[in-house]
Amino acid sequence: MAALPAARLQAFTRPFTYIGLDYFGPLTVRIGRSTVKRWVALFTCLTIRAIHLEVVHSLSTESCKMAIRRFIVCHGSPLEIYSDNGTNFVGANNEIKYSVKQLAECFTNANTKWIFNPPSAPHMGGSWERLVRSVKVAMAAMQTSRNPDEETFATIVRDAQGVVNSRPLTFIPIESESQEALTPNHFILLSSNGVSQTPKPLSDDSSAHRNNWNLLNGMVDHFWRRWIREYLPTIARRTKWFSDVKPIEQGDLVIIVNEAERNGWMRGRILNFIEAKDGRRRQAVVQTAHGVLRRPVAKLARLDIVSGNPGSVKRSTDLSYGQGDVAVATTDLPNPPAN
């Protein structure tokens with residue numbers, strides 16, 4: 001199992017510096033006597049697990065660019081954006097390289113980098129796929145059988161955002177009855193529901209400004225210390241894939257696993273592989289009859305052709321799915337008949 005990416009462990013950074021982006025929908029909205037489809041773009045901070053939701057009117061690149069612009073106005077320009085290979089994301093990445101630089105000059109001095117997961121690898125985006133489900137559950141609890149109008153739908157989306165951002169990241173502390181569990185809102189609103197400051201006597205402006213500033217910094221530092229002490233150990237545990245397996249090699253014959261098809265999995269040969277920072281091979285470039293594809297190793301079943309004795313040829317199929325030798329089927333094939 002891979003180590004957590006650096007974006008998940010960036011303590012003491014501005015919220016939404018490293019984000020994941022995904023869409024869900026379509027959802028039906030009522031406009032007058034007609035109904036239209038709307039989608040929701042989910043931006044999640046990979047560090048503190050907060051979310052920001054934007055309603056988009058289509059899956060086009062233009063709508064994606066405008067949603068990102070609205071996000072940047074609210075939270076500033078991110079350093080890294082992670083997403084899958086949706087056509088609107090790829091198109092937005094190609095078109096937004098220049099515009100993001102202009103936005104970065106307006107709001108920050110950062111240069112945004114867009115990182116795509118390999119195709120057919122939804123498990124690599126689990127950090128935002130799980131939050132998509134949480135938002136759907138929150139929105140389903142607020143909706144009725146009647147389709148909402150556009151203004152009501154926008155309000156439902158914002159309410160769902162507040163519900164998910166107020167969820168606890170850690171266990172409720174038992175040291176103090178008044179202390180609450182750490183939530184994403186603590187880093188955005190300085191509390192689970194809003195900014196709360198302790199009452200203090202009035203003083204002159206200069207000392208009050210200095211004391212309030214010190215109080216604010218102390219509160220933020222306290223939340224980050226709790227994040228490191230309480231939340232970080234819970235996400236750093238590895239729960240599966242402990243043993244080492246034989247890595248893929250250049251020239252290996254593979255079958256590309258596709259759960260959406262039956263009797264139609266493509267075969268190919270490994271052209272090269274992409275190593276992760278820890279040296280593991282988790283992505284590969286495969287040459288198939290339909291072109292060159294990039295796929296995660298977890299979706300490749302390696303075919304090993306093993307030569308046996310002169311009287312037979314042993315053919316073994318390693319359906320390891322990239323993580324271990326799950327199943328090996330071996331068949332002894334007799335010599336072909338003489339002509």
# chains A, B, ... in the order shown; residues from 1 in each chain; ligands from 1

call {"tool": "select_by_dssp", "arguments": {"residues": "range 139-173 of chain A", "states": "helix (DSSP H, G or I)", "output": "number ranges by chain"}}
result
A: 139-142, 150-165

call {"tool": "residues_around", "arguments": {"residues": "range 9-13 of chain A", "least_positions_apart": "2", "cutoff": "12 Å", "atoms": "only C-alpha atoms", "output": "JSON, numbers by chain"}}
result
{"A": [3, 4, 5, 6, 7, 15, 16, 17, 18, 19, 45, 46, 47, 48, 49, 78, 79, 187, 188, 217, 220, 221, 222, 223, 224, 225, 226, 227, 228, 229, 231, 232, 233, 235, 236]}

call {"tool": "residues_around", "arguments": {"residues": "Leu293 in chain A", "least_positions_apart": "6", "cutoff": "12 Å", "atoms": "only C-alpha atoms", "output": "ChimeraX atom specification"}}
result
/A:118-120,256,266-273,283-287,299-300

call {"tool": "closest_residue", "arguments": {"among": "A:Arg38, A:Arg69, A:His186, A:His123", "to": "Ala298 in chain A", "atoms": "only C-alpha atoms"}}
result
A:His123

call {"tool": "closest_residue", "arguments": {"among": "A:Lys136, A:Gly76, A:Asn85, A:Val292", "to": "Val40 in chain A", "atoms": "only C-alpha atoms"}}
result
A:Lys136

call {"tool": "atom_distance", "arguments": {"atom1": "CA of Thr61 in chain A", "atom2": "CA of Gln161 in chain A"}}
result
23.6 Å

call {"tool": "atom_distance", "arguments": {"atom1": "CA of Val164 in chain A", "atom2": "CA of Arg70 in chain A"}}
result
19.9 Å
